[in-house]
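First the structure, in the form of C-alpha coordinates, and then the observations on it.
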Amino acid sequence: MKMKKLRFTLCLVLVALLAVATFSACKSITPPPPPDTEAIELGSGENTLHLAITFSDGRTESYRIRTDAESVGAAMAEHGMIALDGAGMIVDICGEVADWDADNAYWAFYVDGDYAMAGADGTPIDAGCSYAFVYTKG
(Lines give C-alpha, C1' and ligand atoms only; values in the text may rest on other atoms or scores of the structure.)
Protein backbone atom coordinates (compact mmCIF):
# COMPACT_ATOMS: atom_id res chain seq x y z
CA MET A 1 0.00 0.00 0.00
CA LYS A 2 2.87 2.39 0.84
CA MET A 3 4.44 1.72 -2.56
CA LYS A 4 1.21 2.70 -4.37
CA LYS A 5 0.99 5.94 -2.39
CA LEU A 6 4.62 6.70 -3.14
CA ARG A 7 4.12 6.11 -6.88
CA PHE A 8 0.96 8.23 -6.86
CA THR A 9 2.76 11.06 -5.05
CA LEU A 10 5.70 10.89 -7.45
CA CYS A 11 3.34 11.00 -10.42
CA LEU A 12 1.62 14.09 -9.01
CA VAL A 13 4.97 15.81 -8.48
CA LEU A 14 6.06 14.95 -12.02
CA VAL A 15 2.82 16.29 -13.51
CA ALA A 16 3.17 19.50 -11.49
CA LEU A 17 6.77 19.98 -12.67
CA LEU A 18 5.79 19.41 -16.28
CA ALA A 19 2.95 21.92 -15.98
CA VAL A 20 5.30 24.55 -14.52
CA ALA A 21 7.92 23.89 -17.21
CA THR A 22 5.33 24.14 -19.99
CA PHE A 23 3.86 27.36 -18.59
CA SER A 24 7.32 28.87 -18.20
CA ALA A 25 8.27 27.98 -21.77
CA CYS A 26 5.08 29.49 -23.14
CA LYS A 27 5.59 32.75 -21.25
CA SER A 28 8.92 33.30 -23.03
CA ILE A 29 7.28 33.40 -26.47
CA THR A 30 6.90 36.92 -27.81
CA PRO A 31 3.66 37.48 -29.72
CA PRO A 32 3.94 39.17 -33.10
CA PRO A 33 3.79 42.97 -33.31
CA PRO A 34 0.89 44.75 -35.00
CA PRO A 35 1.19 45.25 -38.77
CA ASP A 36 2.99 48.33 -40.13
CA THR A 37 0.64 48.86 -43.06
CA GLU A 38 -2.92 48.45 -44.24
CA ALA A 39 -3.84 44.91 -45.24
CA ILE A 40 -2.88 43.73 -48.71
CA GLU A 41 -5.97 42.14 -50.29
CA LEU A 42 -5.53 38.86 -52.17
CA GLY A 43 -7.84 36.37 -53.85
CA SER A 44 -11.51 35.56 -53.71
CA GLY A 45 -13.45 32.81 -52.00
CA GLU A 46 -15.59 31.84 -49.03
CA ASN A 47 -12.89 31.93 -46.34
CA THR A 48 -11.05 35.04 -45.12
CA LEU A 49 -7.56 34.69 -43.67
CA HIS A 50 -6.14 37.60 -41.63
CA LEU A 51 -2.37 37.19 -41.73
CA ALA A 52 0.60 39.25 -40.53
CA ILE A 53 4.16 38.46 -41.58
CA THR A 54 7.10 39.94 -39.68
CA PHE A 55 10.37 39.80 -41.61
CA SER A 56 13.95 39.68 -40.33
CA ASP A 57 14.28 43.48 -40.57
CA GLY A 58 11.31 43.90 -38.19
CA ARG A 59 8.94 45.09 -40.91
CA THR A 60 5.43 43.60 -40.70
CA GLU A 61 3.05 43.21 -43.63
CA SER A 62 -0.63 42.48 -43.15
CA TYR A 63 -2.72 40.41 -45.56
CA ARG A 64 -6.41 39.72 -45.98
CA ILE A 65 -6.64 36.61 -48.14
CA ARG A 66 -9.96 35.44 -49.49
CA THR A 67 -9.82 31.78 -50.50
CA ASP A 68 -11.69 28.53 -50.81
CA ALA A 69 -8.74 26.73 -49.20
CA GLU A 70 -9.43 25.18 -45.80
CA SER A 71 -6.01 25.66 -44.12
CA VAL A 72 -3.64 28.58 -43.59
CA GLY A 73 -0.85 26.77 -45.44
CA ALA A 74 -3.05 25.93 -48.44
CA ALA A 75 -4.24 29.55 -48.72
CA MET A 76 -0.67 30.85 -48.63
CA ALA A 77 0.49 28.25 -51.17
CA GLU A 78 -2.42 29.19 -53.45
CA HIS A 79 -0.88 32.69 -53.72
CA GLY A 80 2.75 31.53 -54.00
CA MET A 81 3.65 33.00 -50.61
CA ILE A 82 5.52 29.99 -49.19
CA ALA A 83 8.16 27.43 -50.08
CA LEU A 84 8.77 24.24 -48.13
CA ASP A 85 11.89 22.21 -47.43
CA GLY A 86 12.09 18.46 -48.02
CA ALA A 87 10.49 17.75 -44.63
CA GLY A 88 7.48 19.97 -45.38
CA MET A 89 8.56 22.85 -43.12
CA ILE A 90 8.01 26.41 -44.32
CA VAL A 91 11.44 27.90 -45.01
CA ASP A 92 10.54 30.78 -47.34
CA ILE A 93 7.74 33.30 -46.94
CA CYS A 94 7.34 36.02 -49.57
CA GLY A 95 10.92 35.52 -50.71
CA GLU A 96 12.61 35.59 -47.29
CA VAL A 97 14.33 32.36 -46.30
CA ALA A 98 14.66 31.29 -42.67
CA ASP A 99 17.33 28.59 -42.64
CA TRP A 100 17.84 26.75 -39.35
CA ASP A 101 20.96 25.00 -40.64
CA ALA A 102 22.62 28.26 -41.71
CA ASP A 103 21.81 30.59 -38.80
CA ASN A 104 19.21 28.95 -36.50
CA ALA A 105 16.36 30.94 -38.07
CA TYR A 106 12.79 29.71 -38.51
CA TRP A 107 9.30 31.03 -39.14
CA ALA A 108 7.38 31.06 -35.83
CA PHE A 109 3.63 30.57 -36.40
CA TYR A 110 1.04 32.23 -34.16
CA VAL A 111 -2.74 31.98 -33.88
CA ASP A 112 -4.41 34.89 -32.07
CA GLY A 113 -1.03 35.89 -30.60
CA ASP A 114 -0.31 32.44 -29.15
CA TYR A 115 2.31 30.06 -30.50
CA ALA A 116 0.46 27.67 -32.85
CA MET A 117 -0.05 24.08 -31.74
CA ALA A 118 -0.04 22.77 -35.34
CA GLY A 119 1.65 23.66 -38.59
CA ALA A 120 0.08 25.96 -41.18
CA ASP A 121 -1.24 23.03 -43.23
CA GLY A 122 -2.90 21.57 -40.14
CA THR A 123 -4.46 24.86 -39.01
CA PRO A 124 -7.93 25.54 -40.38
CA ILE A 125 -8.91 29.07 -41.37
CA ASP A 126 -11.30 30.61 -38.84
CA ALA A 127 -12.66 34.06 -39.77
CA GLY A 128 -12.57 35.07 -36.11
CA CYS A 129 -8.83 34.36 -35.73
CA SER A 130 -5.71 36.22 -36.74
CA TYR A 131 -2.60 34.40 -37.87
CA ALA A 132 1.04 35.50 -37.96
CA PHE A 133 4.44 34.32 -39.06
CA VAL A 134 7.47 35.90 -37.43
CA TYR A 135 11.05 35.45 -38.64
CA THR A 136 12.80 34.16 -35.51
CA LYS A 137 16.38 33.28 -34.67
CA GLY A 138 16.81 30.45 -32.19
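So you can find residues: chains in the C-alpha coordinates are A, B, ... in the order shown, residues in each start at 1, and ligands are numbered from 1 in order.
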(request) Quick one: everything within 8 Å of segment 74-85 of chain A, counting only C-alpha atoms, minus sequence neighbours fewer than 5 positions away in the same chain. Send it as an NGL selection string. (result) :A and (42-43 or 49 or 65 or 67-69 or 90-95 or 120-121)
(request) Write out as a ChimeraX atom specification the residues lying within 9 Å of Gly122 of chain A, counting only C-alpha atoms and excluding same-chain residues fewer than 3 positions away. (result) /A:71-73,118-119
Written file, previous selection with N, CA and C atoms, as a PDB file, in the first residue's frame:
```
ATOM      1  N   SER A  71      -7.072  25.458 -45.112  1.00  0.00           N
ATOM      2  CA  SER A  71      -6.014  25.656 -44.118  1.00  0.00           C
ATOM      3  C   SER A  71      -5.191  26.901 -44.436  1.00  0.00           C
ATOM      4  N   VAL A  72      -4.503  27.402 -43.426  1.00  0.00           N
ATOM      5  CA  VAL A  72      -3.642  28.575 -43.590  1.00  0.00           C
ATOM      6  C   VAL A  72      -2.563  28.283 -44.627  1.00  0.00           C
ATOM      7  N   GLY A  73      -1.911  27.136 -44.515  1.00  0.00           N
ATOM      8  CA  GLY A  73      -0.850  26.775 -45.443  1.00  0.00           C
ATOM      9  C   GLY A  73      -1.339  26.676 -46.878  1.00  0.00           C
ATOM     10  N   ALA A 118      -0.145  23.603 -34.127  1.00  0.00           N
ATOM     11  CA  ALA A 118      -0.036  22.770 -35.338  1.00  0.00           C
ATOM     12  C   ALA A 118       0.628  23.606 -36.418  1.00  0.00           C
ATOM     13  N   GLY A 119       1.065  22.951 -37.472  1.00  0.00           N
ATOM     14  CA  GLY A 119       1.651  23.664 -38.595  1.00  0.00           C
ATOM     15  C   GLY A 119       0.582  24.372 -39.408  1.00  0.00           C
TER      16      GLY A 119
END
```
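Atom pair atom CA of Ser56 of chain A / atom CA of Asp112 of chain A: separated by 20.7 Å.
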(request) Assign secondary structure with DSSP using the backbone only, and return the residues of segment 29-95 of chain A in strand (DSSP E or B) as a list in words. (result) Ile40, Glu41, Leu42, Gly43, Asn47, Thr48, Leu49, His50, Leu51, Ala52, Ile53, Thr54, Thr60, Glu61, Ser62, Tyr63, Arg64, Ile65, Arg66, Thr67, Ser71, Ile82, Ala83, Leu84, Ile90, Val91, Asp92 and Ile93 of chain A
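Taking atom CA of Tyr115 of chain A as the reference point, atom CA of Ala132 of chain A is found at 9.3 Å.
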(request) Go through A:Ala127, A:Ala87, A:Val134, A:Ala108 and flag the residue nearest Phe55 of chain A, using only C-alpha atoms for the distances. (result) A:Val134
(message) Using only C-alpha atoms for the distances, tell me which of A:Ala102, A:Ile40, A:Met117, A:Ile53 is nearest to Tyr131 of chain A.
(response) A:Ile53
(message) Applying 12 Å and only C-alpha atoms, which residues near Cys129 of chain A remain after dropping the ones on its own chain fewer than 3 positions away? List them as a VMD selection string.
(response) chain A and resid 47 to 52 64 72 110 to 114 116 123 to 126 132
Could the residues in this selection be written to a file with all heavy atoms, as a tab-separated table (two decimals), in the first residue's frame?
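Okay, selection28.tsv is ready:
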```
chain	number	residue	atom	x	y	z
A	47	ASN	N	-13.62	31.75	-47.59
A	47	ASN	CA	-12.89	31.93	-46.34
A	47	ASN	C	-12.04	33.20	-46.38
A	47	ASN	O	-11.51	33.55	-47.43
A	47	ASN	CB	-11.98	30.72	-46.07
A	47	ASN	CG	-12.77	29.45	-45.91
A	47	ASN	OD1	-13.83	29.43	-45.33
A	47	ASN	ND2	-12.24	28.36	-46.47
A	48	THR	N	-11.91	33.85	-45.22
A	48	THR	CA	-11.05	35.04	-45.12
A	48	THR	C	-9.98	34.76	-44.08
A	48	THR	O	-10.27	34.44	-42.93
A	48	THR	CB	-11.86	36.28	-44.72
A	48	THR	OG1	-12.87	36.51	-45.69
A	48	THR	CG2	-10.95	37.51	-44.64
A	49	LEU	N	-8.73	34.92	-44.51
A	49	LEU	CA	-7.56	34.69	-43.67
A	49	LEU	C	-6.92	36.04	-43.36
A	49	LEU	O	-6.56	36.77	-44.27
A	49	LEU	CB	-6.57	33.79	-44.41
A	49	LEU	CG	-5.18	33.62	-43.81
A	49	LEU	CD1	-5.25	32.94	-42.45
A	49	LEU	CD2	-4.30	32.83	-44.76
A	50	HIS	N	-6.82	36.39	-42.07
A	50	HIS	CA	-6.14	37.60	-41.63
A	50	HIS	C	-4.74	37.18	-41.19
A	50	HIS	O	-4.59	36.42	-40.23
A	50	HIS	CB	-6.89	38.26	-40.48
A	50	HIS	CG	-8.29	38.65	-40.87
A	50	HIS	ND1	-8.57	39.80	-41.55
A	50	HIS	CD2	-9.47	38.01	-40.71
A	50	HIS	CE1	-9.86	39.88	-41.78
A	50	HIS	NE2	-10.44	38.79	-41.28
A	51	LEU	N	-3.73	37.66	-41.91
A	51	LEU	CA	-2.37	37.19	-41.73
A	51	LEU	C	-1.39	38.35	-41.63
A	51	LEU	O	-1.45	39.28	-42.43
A	51	LEU	CB	-2.00	36.30	-42.92
A	51	LEU	CG	-0.58	35.76	-43.01
A	51	LEU	CD1	-0.34	34.76	-41.89
A	51	LEU	CD2	-0.33	35.14	-44.37
A	52	ALA	N	-0.49	38.29	-40.64
A	52	ALA	CA	0.60	39.25	-40.53
A	52	ALA	C	1.91	38.49	-40.68
A	52	ALA	O	2.05	37.38	-40.15
A	52	ALA	CB	0.55	39.97	-39.19
A	64	ARG	N	-5.05	40.25	-46.09
A	64	ARG	CA	-6.41	39.72	-45.98
A	64	ARG	C	-6.59	38.87	-47.23
A	64	ARG	O	-6.68	39.38	-48.33
A	64	ARG	CB	-7.46	40.82	-45.92
A	64	ARG	CG	-8.85	40.27	-45.64
A	64	ARG	CD	-9.91	41.35	-45.42
A	64	ARG	NE	-9.54	42.24	-44.34
A	64	ARG	CZ	-9.21	43.53	-44.48
A	64	ARG	NH1	-9.20	44.08	-45.67
A	64	ARG	NH2	-8.90	44.27	-43.44
A	72	VAL	N	-4.50	27.40	-43.43
A	72	VAL	CA	-3.64	28.58	-43.59
A	72	VAL	C	-2.56	28.28	-44.63
A	72	VAL	O	-2.32	29.08	-45.54
A	72	VAL	CB	-3.02	28.98	-42.23
A	72	VAL	CG1	-2.00	30.09	-42.41
A	72	VAL	CG2	-4.10	29.39	-41.23
A	110	TYR	N	1.92	31.84	-35.26
A	110	TYR	CA	1.04	32.23	-34.16
A	110	TYR	C	-0.42	32.24	-34.61
A	110	TYR	O	-0.73	32.58	-35.75
A	110	TYR	CB	1.39	33.63	-33.67
A	110	TYR	CG	2.76	33.76	-33.08
A	110	TYR	CD1	3.86	34.04	-33.88
A	110	TYR	CD2	2.97	33.59	-31.71
A	110	TYR	CE1	5.13	34.14	-33.34
A	110	TYR	CE2	4.24	33.70	-31.18
A	110	TYR	CZ	5.32	33.97	-31.99
A	110	TYR	OH	6.57	34.08	-31.45
A	111	VAL	N	-1.31	31.88	-33.68
A	111	VAL	CA	-2.74	31.98	-33.88
A	111	VAL	C	-3.28	32.82	-32.74
A	111	VAL	O	-3.10	32.48	-31.56
A	111	VAL	CB	-3.43	30.59	-33.90
A	111	VAL	CG1	-4.94	30.74	-34.06
A	111	VAL	CG2	-2.84	29.71	-34.99
A	112	ASP	N	-3.89	33.95	-33.07
A	112	ASP	CA	-4.41	34.89	-32.07
A	112	ASP	C	-3.35	35.27	-31.04
A	112	ASP	O	-3.63	35.38	-29.85
A	112	ASP	CB	-5.65	34.34	-31.37
A	112	ASP	CG	-6.89	34.40	-32.26
A	112	ASP	OD1	-6.90	35.21	-33.22
A	112	ASP	OD2	-7.83	33.65	-32.01
A	113	GLY	N	-2.12	35.45	-31.48
A	113	GLY	CA	-1.03	35.89	-30.60
A	113	GLY	C	-0.38	34.79	-29.79
A	113	GLY	O	0.59	35.04	-29.09
A	114	ASP	N	-0.89	33.58	-29.88
A	114	ASP	CA	-0.31	32.44	-29.15
A	114	ASP	C	0.44	31.54	-30.14
A	114	ASP	O	0.00	31.37	-31.28
A	114	ASP	CB	-1.39	31.61	-28.46
A	114	ASP	CG	-2.08	32.37	-27.34
A	114	ASP	OD1	-1.40	33.15	-26.65
A	114	ASP	OD2	-3.30	32.20	-27.18
A	116	ALA	N	1.36	28.66	-32.27
A	116	ALA	CA	0.46	27.67	-32.85
A	116	ALA	C	0.80	26.26	-32.36
A	116	ALA	O	1.96	25.92	-32.19
A	116	ALA	CB	0.52	27.73	-34.36
A	123	THR	N	-3.68	23.84	-39.72
A	123	THR	CA	-4.46	24.86	-39.01
A	123	THR	C	-5.57	25.37	-39.92
A	123	THR	O	-5.30	26.02	-40.93
A	123	THR	CB	-3.54	26.03	-38.59
A	123	THR	OG1	-2.50	25.52	-37.75
A	123	THR	CG2	-4.32	27.09	-37.84
A	124	PRO	N	-6.82	25.08	-39.55
A	124	PRO	CA	-7.93	25.54	-40.38
A	124	PRO	C	-8.11	27.05	-40.28
A	124	PRO	O	-7.79	27.67	-39.27
A	124	PRO	CB	-9.15	24.80	-39.80
A	124	PRO	CG	-8.76	24.42	-38.42
A	124	PRO	CD	-7.26	24.30	-38.40
A	125	ILE	N	-8.63	27.64	-41.35
A	125	ILE	CA	-8.91	29.07	-41.37
A	125	ILE	C	-10.20	29.32	-40.60
A	125	ILE	O	-11.23	28.72	-40.89
A	125	ILE	CB	-9.04	29.59	-42.81
A	125	ILE	CG1	-7.72	29.41	-43.55
A	125	ILE	CG2	-9.49	31.05	-42.81
A	125	ILE	CD1	-7.81	29.68	-45.04
A	126	ASP	N	-10.14	30.19	-39.62
A	126	ASP	CA	-11.30	30.61	-38.84
A	126	ASP	C	-11.39	32.13	-38.98
A	126	ASP	O	-10.45	32.85	-38.62
A	126	ASP	CB	-11.10	30.22	-37.37
A	126	ASP	CG	-12.27	30.58	-36.49
A	126	ASP	OD1	-13.09	31.44	-36.86
A	126	ASP	OD2	-12.37	30.01	-35.39
A	132	ALA	N	-0.20	34.76	-37.72
A	132	ALA	CA	1.04	35.50	-37.96
A	132	ALA	C	2.21	34.55	-38.11
A	132	ALA	O	2.25	33.50	-37.47
A	132	ALA	CB	1.30	36.47	-36.82
```
